[in-house]
file run_36.cif (mmCIF, C-alpha atoms and all ligand atoms)
data_run
loop_
_atom_site.label_atom_id
_atom_site.label_comp_id
_atom_site.auth_asym_id
_atom_site.auth_seq_id
_atom_site.Cartn_x
_atom_site.Cartn_y
_atom_site.Cartn_z
CA MET A 1 60.62 82.64 -3.18
CA ALA A 2 60.20 85.82 -1.15
CA PRO A 3 56.93 86.09 0.74
CA ILE A 4 54.10 87.58 -1.27
CA TYR A 5 51.26 89.41 0.35
CA LEU A 6 47.96 90.19 -1.25
CA ASP A 7 48.13 93.56 0.41
CA ASP A 8 51.67 94.85 0.77
CA LYS A 9 50.60 97.58 3.16
CA ILE A 10 49.72 95.05 5.87
CA SER A 11 52.36 92.88 7.46
CA LYS A 12 50.84 89.47 7.72
CA ASN A 13 53.77 87.77 9.34
CA ASP A 14 51.85 87.13 12.52
CA LEU A 15 48.51 86.36 10.91
CA PRO A 16 47.47 82.81 10.09
CA ARG A 17 47.90 81.90 6.46
CA ARG A 18 44.93 81.75 4.13
CA TYR A 19 44.69 79.23 1.31
CA ALA A 20 42.85 78.83 -1.99
CA ILE A 21 42.73 76.24 -4.74
CA GLY A 22 44.06 77.25 -8.15
CA LEU A 23 42.97 75.38 -11.31
CA ASP A 24 44.50 76.05 -14.71
CA LEU A 25 42.96 74.28 -17.70
CA GLY A 26 45.21 74.21 -20.75
CA GLY A 27 44.89 72.69 -24.21
CA THR A 28 45.76 69.21 -22.97
CA HIS A 29 46.25 69.20 -19.20
CA LEU A 30 44.65 70.53 -16.05
CA LYS A 31 47.13 71.88 -13.51
CA TYR A 32 45.92 72.43 -9.98
CA GLY A 33 47.17 73.14 -6.50
CA ILE A 34 46.77 74.86 -3.15
CA ILE A 35 48.36 78.30 -2.75
CA SER A 36 48.78 80.37 0.42
CA ASP A 37 48.24 84.12 0.60
CA ARG A 38 52.04 84.38 0.81
CA GLY A 39 52.32 82.79 -2.62
CA GLU A 40 53.52 79.44 -1.31
CA ILE A 41 52.47 76.40 -3.32
CA VAL A 42 51.67 73.80 -0.69
CA TYR A 43 50.22 71.21 -3.06
CA LYS A 44 50.51 70.76 -6.82
CA ASN A 45 49.39 68.13 -9.31
CA PHE A 46 48.22 67.75 -12.90
CA THR A 47 46.01 65.42 -14.89
CA PRO A 48 44.86 65.04 -18.52
CA GLY A 49 42.12 67.65 -19.03
CA ARG A 50 40.00 65.25 -21.15
CA THR A 51 39.37 68.28 -23.36
CA SER A 52 38.52 66.14 -26.40
CA ASP A 53 35.76 64.36 -24.42
CA GLY A 54 33.58 67.46 -24.22
CA GLY A 55 32.71 70.20 -21.75
CA LYS A 56 30.81 67.99 -19.27
CA LYS A 57 33.75 65.61 -18.86
CA VAL A 58 36.15 68.53 -18.45
CA LEU A 59 33.99 70.00 -15.68
CA ASN A 60 34.04 66.62 -13.91
CA VAL A 61 37.83 66.52 -14.13
CA MET A 62 38.07 70.05 -12.67
CA ALA A 63 35.63 69.28 -9.84
CA GLU A 64 37.51 66.08 -8.98
CA ALA A 65 40.82 67.94 -8.95
CA ALA A 66 39.39 70.56 -6.58
CA HIS A 67 38.06 67.76 -4.40
CA GLU A 68 41.52 66.14 -4.35
CA CYS A 69 42.92 69.47 -3.06
CA MET A 70 40.22 69.54 -0.35
CA MET A 71 41.19 66.02 0.74
CA PHE A 72 44.86 67.04 0.95
CA ALA A 73 43.91 70.15 2.95
CA LYS A 74 41.84 68.09 5.37
CA LYS A 75 44.75 65.70 5.94
CA GLU A 76 47.15 68.61 6.54
CA ASN A 77 44.69 70.60 8.64
CA ILE A 78 44.61 73.49 6.16
CA THR A 79 41.46 75.59 5.75
CA ILE A 80 40.70 76.52 2.15
CA SER A 81 38.56 79.58 1.58
CA ALA A 82 37.89 79.63 -2.18
CA ALA A 83 38.92 78.33 -5.60
CA GLY A 84 39.88 80.00 -8.86
CA ALA A 85 39.49 78.26 -12.22
CA GLY A 86 41.31 79.51 -15.33
CA CYS A 87 39.83 78.12 -18.55
CA PRO A 88 40.27 78.65 -22.30
CA GLY A 89 37.84 80.83 -24.20
CA THR A 90 35.59 83.71 -23.24
CA ILE A 91 34.41 83.29 -19.66
CA ASP A 92 31.67 85.29 -17.95
CA SER A 93 33.58 85.79 -14.71
CA GLU A 94 30.49 87.10 -12.88
CA GLN A 95 28.45 83.97 -13.57
CA GLY A 96 31.38 81.57 -13.92
CA ILE A 97 30.09 80.38 -17.30
CA SER A 98 31.85 79.80 -20.63
CA LEU A 99 30.34 82.14 -23.22
CA GLY A 100 31.79 80.76 -26.38
CA PRO A 101 33.26 77.73 -28.08
CA THR A 102 36.99 77.10 -28.11
CA ILE A 103 38.94 74.94 -30.52
CA HIS A 104 40.47 73.06 -27.57
CA ILE A 105 37.23 71.74 -25.99
CA THR A 106 34.11 70.39 -27.68
CA ALA A 107 30.71 71.51 -26.27
CA TRP A 108 32.31 74.23 -24.14
CA GLU A 109 29.79 77.03 -24.81
CA GLY A 110 27.49 77.44 -21.82
CA ALA A 111 29.60 75.23 -19.53
CA GLU A 112 28.78 76.19 -15.93
CA ILE A 113 32.30 76.05 -14.57
CA ALA A 114 31.93 77.73 -11.17
CA GLU A 115 28.75 75.84 -10.34
CA ALA A 116 30.21 72.44 -11.25
CA ILE A 117 33.20 72.95 -8.95
CA ASN A 118 31.16 74.62 -6.21
CA LYS A 119 28.81 71.61 -6.07
CA LYS A 120 31.79 69.42 -5.26
CA ILE A 121 33.67 71.58 -2.74
CA HIS A 122 30.95 73.93 -1.40
CA LEU A 123 33.16 77.01 -1.49
CA PRO A 124 33.09 80.19 -3.59
CA VAL A 125 34.56 79.51 -7.06
CA PHE A 126 35.83 82.23 -9.41
CA ALA A 127 36.19 81.26 -13.05
CA ASP A 128 37.95 83.35 -15.67
CA ASN A 129 39.94 83.09 -18.88
CA ASP A 130 43.21 81.24 -18.26
CA ALA A 131 45.42 83.98 -19.73
CA ASN A 132 43.63 86.60 -17.60
CA PHE A 133 44.67 84.61 -14.52
CA MET A 134 48.21 84.13 -15.88
CA ALA A 135 48.53 87.92 -16.24
CA PHE A 136 47.07 88.41 -12.75
CA GLY A 137 49.52 85.85 -11.32
CA GLU A 138 52.45 87.69 -12.91
CA TYR A 139 51.04 90.99 -11.63
CA ILE A 140 50.72 89.83 -8.06
CA ALA A 141 53.74 87.57 -7.73
CA GLY A 142 55.85 87.60 -10.90
CA ALA A 143 57.41 89.81 -13.55
CA GLY A 144 54.63 92.41 -13.43
CA ARG A 145 54.70 92.91 -9.69
CA GLN A 146 53.90 96.45 -8.48
CA LYS A 147 53.25 97.61 -12.04
CA GLN A 148 50.16 99.64 -12.84
CA PHE A 149 49.69 98.48 -16.44
CA VAL A 150 50.55 94.84 -17.12
CA VAL A 151 50.05 92.97 -20.39
CA GLY A 152 50.53 89.20 -20.32
CA ILE A 153 50.73 87.07 -23.45
CA THR A 154 50.89 83.27 -23.47
CA LEU A 155 52.60 81.54 -26.36
CA GLY A 156 51.44 77.94 -26.50
CA THR A 157 49.14 75.78 -28.57
CA GLY A 158 47.22 79.02 -29.03
CA VAL A 159 48.09 82.59 -28.11
CA GLY A 160 46.26 84.06 -25.12
CA GLY A 161 46.41 87.37 -23.38
CA GLY A 162 45.51 89.20 -20.21
CA ILE A 163 45.55 92.86 -19.22
CA VAL A 164 45.76 93.99 -15.60
CA ILE A 165 45.23 97.69 -14.87
CA ASP A 166 45.52 99.02 -11.31
CA GLY A 167 45.35 95.44 -10.05
CA ASN A 168 42.10 94.71 -11.88
CA ILE A 169 41.68 92.30 -14.78
CA HIS A 170 40.42 94.25 -17.80
CA ARG A 171 37.59 92.14 -19.27
CA GLY A 172 35.65 94.50 -21.52
CA ALA A 173 31.92 94.75 -22.23
CA VAL A 174 31.21 91.04 -22.77
CA PHE A 175 34.33 89.52 -21.17
CA ASN A 176 36.09 89.38 -24.53
CA ALA A 177 38.94 91.84 -23.93
CA ALA A 178 42.63 90.95 -24.12
CA GLU A 179 42.24 88.37 -26.88
CA LEU A 180 45.77 89.28 -27.85
CA GLY A 181 46.25 86.23 -30.06
CA HIS A 182 43.59 87.67 -32.35
CA VAL A 183 45.16 91.04 -32.95
CA VAL A 184 45.37 91.27 -36.75
CA VAL A 185 48.84 91.49 -38.27
CA GLU A 186 47.89 90.74 -41.92
CA ALA A 187 44.63 92.27 -43.20
CA GLU A 188 44.25 89.63 -45.92
CA GLY A 189 46.15 86.95 -44.05
CA ARG A 190 45.53 83.36 -43.06
CA VAL A 191 42.02 82.31 -41.99
CA CYS A 192 41.82 82.01 -38.20
CA SER A 193 39.64 79.80 -35.97
CA CYS A 194 38.00 82.98 -34.59
CA GLY A 195 36.46 83.71 -38.00
CA ASN A 196 38.80 86.57 -38.87
CA ARG A 197 41.95 86.61 -41.00
CA GLY A 198 45.59 87.32 -40.28
CA CYS A 199 45.54 87.01 -36.45
CA ILE A 200 48.87 86.77 -34.55
CA GLU A 201 47.96 83.24 -33.45
CA ARG A 202 47.97 81.99 -37.05
CA TYR A 203 51.65 82.97 -37.44
CA VAL A 204 53.07 82.15 -34.01
CA GLY A 205 50.81 79.51 -32.39
CA ALA A 206 52.70 76.26 -31.70
CA LYS A 207 50.72 74.06 -34.06
CA TYR A 208 50.89 76.62 -36.84
CA ILE A 209 54.65 77.05 -36.78
CA VAL A 210 55.03 73.27 -36.75
CA GLN A 211 52.69 73.14 -39.75
CA ASP A 212 54.76 75.82 -41.51
CA VAL A 213 57.88 73.66 -41.15
CA VAL A 214 56.06 70.48 -42.24
CA ASP A 215 54.64 72.28 -45.30
CA ALA A 216 58.08 73.56 -46.31
CA LEU A 217 59.61 70.07 -45.92
CA SER A 218 56.84 68.56 -48.03
CA LYS A 219 57.73 71.07 -50.76
CA GLY A 220 61.27 69.69 -50.77
CA GLU A 221 63.06 72.18 -48.52
CA GLU A 222 65.82 70.66 -46.46
CA SER A 223 66.37 71.08 -42.74
CA ILE A 224 68.46 69.51 -39.98
CA ILE A 225 65.25 69.21 -37.94
CA THR A 226 64.43 65.89 -39.59
CA GLN A 227 67.66 64.27 -38.32
CA GLY A 228 66.82 61.57 -35.79
CA LEU A 229 63.07 61.97 -36.20
CA LYS A 230 60.89 59.06 -37.31
CA SER A 231 58.32 61.35 -38.93
CA THR A 232 57.47 65.02 -39.34
CA GLY A 233 54.72 64.36 -36.76
CA ASP A 234 57.47 64.47 -34.12
CA ILE A 235 58.41 68.09 -34.89
CA THR A 236 57.88 70.43 -31.93
CA PRO A 237 58.41 74.18 -31.43
CA ILE A 238 61.36 73.44 -29.11
CA LEU A 239 63.05 71.44 -31.92
CA ILE A 240 62.36 74.31 -34.33
CA PHE A 241 64.07 76.76 -31.95
CA ALA A 242 67.00 74.37 -31.45
CA ALA A 243 67.48 73.90 -35.21
CA ALA A 244 67.29 77.67 -35.78
CA LYS A 245 69.97 78.16 -33.12
CA HIS A 246 72.19 75.74 -35.07
CA GLY A 247 71.87 77.89 -38.16
CA ASP A 248 69.17 75.89 -39.94
CA GLU A 249 67.82 78.08 -42.72
CA LEU A 250 64.21 76.87 -42.75
CA CYS A 251 63.74 76.92 -38.96
CA GLY A 252 65.58 80.24 -38.74
CA ARG A 253 63.11 81.71 -41.20
CA ILE A 254 60.14 80.43 -39.17
CA VAL A 255 61.54 81.93 -35.94
CA ASP A 256 62.21 85.22 -37.78
CA GLN A 257 58.59 85.17 -38.93
CA MET A 258 57.40 84.65 -35.33
CA VAL A 259 59.52 87.53 -34.07
CA LYS A 260 58.26 89.83 -36.84
CA TYR A 261 54.57 89.09 -36.35
CA LEU A 262 54.75 89.07 -32.56
CA GLY A 263 56.67 92.34 -32.63
CA ALA A 264 54.13 93.94 -34.95
CA GLY A 265 51.13 92.65 -32.99
CA LEU A 266 52.54 93.61 -29.60
CA THR A 267 53.32 97.09 -30.93
CA SER A 268 49.62 97.55 -31.75
CA ILE A 269 48.79 96.48 -28.20
CA VAL A 270 51.38 98.92 -26.81
CA ASN A 271 49.87 101.72 -28.88
CA VAL A 272 46.47 101.05 -27.29
CA ILE A 273 47.41 100.21 -23.69
CA ASN A 274 50.85 101.81 -23.14
CA PRO A 275 51.76 99.16 -20.56
CA ASP A 276 54.63 99.32 -18.07
CA VAL A 277 55.54 95.76 -18.94
CA ILE A 278 54.71 92.99 -21.40
CA VAL A 279 55.15 89.60 -19.77
CA ILE A 280 55.67 86.71 -22.17
CA GLY A 281 54.67 83.29 -20.87
CA GLY A 282 53.38 79.94 -22.08
CA GLY A 283 55.32 76.89 -23.24
CA MET A 284 57.14 78.63 -26.09
CA SER A 285 58.55 81.36 -23.84
CA ASP A 286 60.87 78.57 -22.64
CA ALA A 287 62.72 79.09 -25.95
CA GLY A 288 64.88 81.32 -23.78
CA PRO A 289 66.17 84.82 -23.14
CA VAL A 290 67.53 85.32 -26.67
CA PHE A 291 64.05 84.77 -28.13
CA ILE A 292 62.42 87.10 -25.58
CA LYS A 293 65.12 89.75 -26.24
CA ARG A 294 64.52 89.52 -29.99
CA ILE A 295 60.78 90.07 -29.50
CA GLY A 296 61.50 92.99 -27.18
CA ASP A 297 63.93 94.54 -29.68
CA GLU A 298 61.38 94.14 -32.48
CA VAL A 299 58.69 95.87 -30.39
CA LEU A 300 61.03 98.67 -29.28
CA SER A 301 62.10 99.29 -32.88
CA ARG A 302 58.46 99.89 -33.80
CA VAL A 303 56.93 101.81 -30.85
CA MET A 304 56.75 105.57 -30.57
CA LYS A 305 59.65 107.50 -29.07
CA PRO A 306 58.25 108.21 -25.56
CA VAL A 307 57.66 104.48 -25.05
CA ARG A 308 61.15 103.30 -26.06
CA LYS A 309 62.90 104.08 -22.77
CA GLN A 310 59.99 103.05 -20.59
CA LEU A 311 58.59 99.76 -21.91
CA GLN A 312 59.86 96.44 -20.59
CA VAL A 313 59.35 93.17 -22.49
CA VAL A 314 60.23 90.29 -20.18
CA GLN A 315 59.80 86.56 -19.72
CA ALA A 316 57.15 85.38 -17.25
CA GLN A 317 58.66 84.57 -13.86
CA LEU A 318 56.13 82.08 -12.57
CA GLY A 319 56.53 79.74 -15.55
CA ASN A 320 54.09 76.85 -15.50
CA ASP A 321 52.76 77.93 -12.11
CA ALA A 322 51.45 81.34 -13.26
CA GLY A 323 47.96 79.95 -13.96
CA ILE A 324 47.37 78.16 -10.64
CA MET A 325 49.04 81.00 -8.75
CA GLY A 326 46.96 83.67 -10.50
CA SER A 327 43.66 81.83 -10.14
CA ALA A 328 44.15 81.06 -6.44
CA MET A 329 45.43 84.57 -5.64
CA TYR A 330 42.56 86.13 -7.55
CA ALA A 331 40.03 83.95 -5.66
CA MET A 332 41.48 85.09 -2.32
CA LYS A 333 41.48 88.73 -3.36
CA GLN A 334 37.93 88.60 -4.71
CA LEU A 335 36.64 86.78 -1.64
CA THR A 336 38.15 89.49 0.57
CA LEU A 337 36.47 92.20 -1.54
CA ASP A 338 33.12 90.36 -1.57
CA ASN A 339 33.23 89.90 2.20
CA ALA A 340 34.05 93.57 2.71
CA GLN A 341 30.90 94.66 0.86
ZN ZN A 401 41.76 84.97 -34.74
#

call {"tool": "encode", "arguments": {"input": "run_36.cif", "output": "structure tokens"}}
result
Amino acid sequence: MAPIYLDDKISKNDLPRRYAIGLDLGGTHLKYGIISDRGEIVYKNFTPGRTSDGGKKVLNVMAEAAHECMMFAKKENITISAAGAGCPGTIDSEQGISLGPTIHITAWEGAEIAEAINKKIHLPVFADNDANFMAFGEYIAGAGRQKQFVVGITLGTGVGGGIVIDGNIHRGAVFNAAELGHVVVEAEGRVCSCGNRGCIERYVGAKYIVQDVVDALSKGEESIITQGLKSTGDITPILIFAAAKHGDELCGRIVDQMVKYLGAGLTSIVNVINPDVIVIGGGMSDAGPVFIKRIGDEVLSRVMKPVRKQLQVVQAQLGNDAGIMGSAMYAMKQLTLDNAQ
């Protein structure tokens, strides 16, 4: 990968590298690593996030992972200056505290994320929503590089989002901005975990599209997706995409539904933000360029004329590393700003 500088105006070739820890807590796993200010990943690992064991256990897992990075750094003679921690849900990034519950982690409201990690590594810790850090990672080192208005959306177990404007994460009045998975696409639609109805997430989230296929099969619809599977519990989004590609009617319909709802929801976001680029990441973005192109075409067919020639809808470039990259890069940037004050 080409060198990445936090500040492109300064050549840092001759300066010593700086390093930060990046933590990225997902629905099931915690990814973590050490990133340099050139965007080099010098250490990377992952562990089960223990998200079903409750907030306290999750904080322990995160603190231990950060400590593991510190031990590696010590062995390699690397000086780490800060850590960033991307987590699900609404995160008060000033206090480093989780403000609300999330379906992925029990007892998550009020979890003191930054403090728990800081106690273990004794360095500044910056906590934020995981999709905010994904969008920041793509802004600083990925598909949204050099762009003024970047929208990132993560398609996984849930649907997350992040908005970066002029290099700053847009968080809103109570840190609840960019909840792109909860943009409403059906006013009287399916009940969502957020308390509303008809959110994008309910039509395109991984577990919901799997459920859609299982429901259709249980009603007697036929599909090639069941071939070679022991039970419908083994159905995954990747299998749904593969079956759709082979012309399977049921799976094709589910993918069409995803494209339609994502296209409609993203168009609403475009009409509010008018971004330079929409970066699509998360596990399901691995469905490939044809899927991303279909979403882009759907959005472009719906947006207003001035936007059509300007808007880019692209796949995330940093893949699974966007979260750790974004959180570590953000921590380094914020530390520099804090020190300058
Ligand atoms: Zn919702």

call {"tool": "closest_residue", "arguments": {"input": "run_36.cif", "among": "A:Thr28, A:Asn196, A:Asn129, A:Ser93", "to": "ligand ZN 401 (chain A)", "atoms": "all atoms listed in the file"}}
result
A:Asn196

call {"tool": "residues_around", "arguments": {"input": "run_36.cif", "residues": "Gln227 (chain A)", "least_positions_apart": "5", "cutoff": "12 Å", "atoms": "only C-alpha atoms", "output": "PyMOL selection string"}}
result
chain A and resi 222+232+234-235+239+243+248

call {"tool": "closest_residue", "arguments": {"input": "run_36.cif", "among": "A:Arg197, A:Lys260, A:Arg253, A:His246", "to": "ligand ZN 401 (chain A)", "atoms": "all atoms listed in the file"}}
result
A:Arg197

call {"tool": "closest_residue", "arguments": {"input": "run_36.cif", "among": "A:Val151, A:Cys194, A:Ile163, A:Ile273", "to": "Thr102 (chain A)", "atoms": "only C-alpha atoms"}}
result
A:Cys194

call {"tool": "residues_near_ligand", "arguments": {"input": "run_36.cif", "ligand": "ligand ZN 401 (chain A)", "cutoff": "7 Å", "atoms": "only C-alpha atoms and all ligand atoms", "output": "PyMOL selection string"}}
result
chain A and resi 181-182+192-197+199+201

call {"tool": "closest_residue", "arguments": {"input": "run_36.cif", "among": "A:Tyr203, A:Phe291, A:Phe136, A:Tyr19", "to": "Thr79 (chain A)", "atoms": "only C-alpha atoms"}}
result
A:Tyr19

call {"tool": "residues_around", "arguments": {"input": "run_36.cif", "residues": "Tyr208 (chain A)", "least_positions_apart": "3", "cutoff": "12 Å", "atoms": "only C-alpha atoms", "output": "PyMOL selection string"}}
result
chain A and resi 155-159+190-193+199-205+211-215+235-237+240+254-255+257-258

call {"tool": "closest_residue", "arguments": {"input": "run_36.cif", "among": "A:Phe241, A:Tyr139, A:Phe126, A:Tyr261", "to": "Asp338 (chain A)", "atoms": "all atoms listed in the file"}}
result
A:Phe126

call {"tool": "atom_distance", "arguments": {"input": "run_36.cif", "atom1": "CA of Met329 (chain A)", "atom2": "CA of Ala143 (chain A)"}}
result
15.3 Å

call {"tool": "atom_distance", "arguments": {"input": "run_36.cif", "atom1": "CA of Ile105 (chain A)", "atom2": "CA of Val279 (chain A)"}}
result
26.1 Å

call {"tool": "atom_distance", "arguments": {"input": "run_36.cif", "atom1": "CA of Ala20 (chain A)", "atom2": "CA of Ala173 (chain A)"}}
result
28.0 Å

call {"tool": "residues_near_point", "arguments": {"input": "run_36.cif", "point": "(47.4, 71.1, -14.4)", "cutoff": "10 Å", "atoms": "all atoms listed in the file", "output": "PyMOL selection string"}}
result
chain A and resi 22-26+28-33+44-49+62+65+320-321+323-324

call {"tool": "residues_around", "arguments": {"input": "run_36.cif", "residues": "Ala141 (chain A)", "least_positions_apart": "2", "cutoff": "8 Å", "atoms": "all atoms listed in the file", "output": "number ranges by chain"}}
result
A: 4, 39, 137-139, 143-145, 318

call {"tool": "write_last_selection", "arguments": {"input": "run_36.cif", "atoms": "C-alpha atoms", "output": "PDB file, in the coordinates of the input"}}
result
ATOM      1  CA  ILE A   4      54.100  87.580  -1.270  1.00  0.00           C
ATOM      2  CA  GLY A  39      52.320  82.790  -2.620  1.00  0.00           C
ATOM      3  CA  GLY A 137      49.520  85.850 -11.320  1.00  0.00           C
ATOM      4  CA  GLU A 138      52.450  87.690 -12.910  1.00  0.00           C
ATOM      5  CA  TYR A 139      51.040  90.990 -11.630  1.00  0.00           C
ATOM      6  CA  ALA A 143      57.410  89.810 -13.550  1.00  0.00           C
ATOM      7  CA  GLY A 144      54.630  92.410 -13.430  1.00  0.00           C
ATOM      8  CA  ARG A 145      54.700  92.910  -9.690  1.00  0.00           C
ATOM      9  CA  LEU A 318      56.130  82.080 -12.570  1.00  0.00           C
TER      10      LEU A 318
END

call {"tool": "closest_residue", "arguments": {"input": "run_36.cif", "among": "A:Pro16, A:Trp108, A:Glu115, A:Ala66", "to": "Thr51 (chain A)", "atoms": "only C-alpha atoms"}}
result
A:Trp108

call {"tool": "residues_near_point", "arguments": {"input": "run_36.cif", "point": "(37.7, 91.3, -11.0)", "cutoff": "8 Å", "atoms": "all atoms listed in the file", "output": "ChimeraX atom specification"}}
result
/A:93,168-170,330,334

call {"tool": "decode", "arguments": {"input": "run_36.cif", "residues": "region 317-332 of chain A", "atoms": "N, CA and C atoms", "output": "PDB file, in the first residue's frame"}}
result
ATOM      1  N   GLN A 317     -12.337   0.148   0.362  1.00  0.00           N
ATOM      2  CA  GLN A 317     -11.021  -0.368  -0.066  1.00  0.00           C
ATOM      3  C   GLN A 317     -10.273  -1.080   1.049  1.00  0.00           C
ATOM      4  N   LEU A 318     -10.575  -0.701   2.285  1.00  0.00           N
ATOM      5  CA  LEU A 318      -9.783  -1.246   3.393  1.00  0.00           C
ATOM      6  C   LEU A 318     -10.338  -2.570   3.905  1.00  0.00           C
ATOM      7  N   GLY A 319     -11.497  -2.974   3.365  1.00  0.00           N
ATOM      8  CA  GLY A 319     -12.084  -4.262   3.739  1.00  0.00           C
ATOM      9  C   GLY A 319     -12.232  -4.404   5.247  1.00  0.00           C
ATOM     10  N   ASN A 320     -11.814  -5.545   5.743  1.00  0.00           N
ATOM     11  CA  ASN A 320     -11.936  -5.857   7.164  1.00  0.00           C
ATOM     12  C   ASN A 320     -11.065  -4.989   8.056  1.00  0.00           C
ATOM     13  N   ASP A 321     -10.081  -4.297   7.440  1.00  0.00           N
ATOM     14  CA  ASP A 321      -9.157  -3.489   8.233  1.00  0.00           C
ATOM     15  C   ASP A 321      -9.636  -2.056   8.435  1.00  0.00           C
ATOM     16  N   ALA A 322     -10.751  -1.675   7.800  1.00  0.00           N
ATOM     17  CA  ALA A 322     -11.205  -0.277   7.865  1.00  0.00           C
ATOM     18  C   ALA A 322     -11.413   0.171   9.305  1.00  0.00           C
ATOM     19  N   GLY A 323     -11.973  -0.710  10.136  1.00  0.00           N
ATOM     20  CA  GLY A 323     -12.280  -0.343  11.529  1.00  0.00           C
ATOM     21  C   GLY A 323     -11.037  -0.092  12.354  1.00  0.00           C
ATOM     22  N   ILE A 324     -10.066  -1.023  12.311  1.00  0.00           N
ATOM     23  CA  ILE A 324      -8.852  -0.816  13.126  1.00  0.00           C
ATOM     24  C   ILE A 324      -8.023   0.336  12.566  1.00  0.00           C
ATOM     25  N   MET A 325      -8.020   0.452  11.247  1.00  0.00           N
ATOM     26  CA  MET A 325      -7.279   1.546  10.607  1.00  0.00           C
ATOM     27  C   MET A 325      -7.899   2.895  11.002  1.00  0.00           C
ATOM     28  N   GLY A 326      -9.209   2.992  10.874  1.00  0.00           N
ATOM     29  CA  GLY A 326      -9.903   4.245  11.181  1.00  0.00           C
ATOM     30  C   GLY A 326      -9.759   4.636  12.640  1.00  0.00           C
ATOM     31  N   SER A 327      -9.902   3.654  13.544  1.00  0.00           N
ATOM     32  CA  SER A 327      -9.842   3.996  14.970  1.00  0.00           C
ATOM     33  C   SER A 327      -8.435   4.425  15.366  1.00  0.00           C
ATOM     34  N   ALA A 328      -7.418   3.735  14.864  1.00  0.00           N
ATOM     35  CA  ALA A 328      -6.037   4.108  15.207  1.00  0.00           C
ATOM     36  C   ALA A 328      -5.673   5.460  14.586  1.00  0.00           C
ATOM     37  N   MET A 329      -6.036   5.659  13.323  1.00  0.00           N
ATOM     38  CA  MET A 329      -5.723   6.922  12.642  1.00  0.00           C
ATOM     39  C   MET A 329      -6.434   8.093  13.319  1.00  0.00           C
ATOM     40  N   TYR A 330      -7.700   7.836  13.721  1.00  0.00           N
ATOM     41  CA  TYR A 330      -8.433   8.903  14.391  1.00  0.00           C
ATOM     42  C   TYR A 330      -7.757   9.249  15.722  1.00  0.00           C
ATOM     43  N   ALA A 331      -7.332   8.211  16.468  1.00  0.00           N
ATOM     44  CA  ALA A 331      -6.678   8.448  17.766  1.00  0.00           C
ATOM     45  C   ALA A 331      -5.430   9.298  17.583  1.00  0.00           C
ATOM     46  N   MET A 332      -4.640   8.999  16.542  1.00  0.00           N
ATOM     47  CA  MET A 332      -3.415   9.786  16.302  1.00  0.00           C
ATOM     48  C   MET A 332      -3.752  11.225  15.928  1.00  0.00           C
TER      49      MET A 332
END
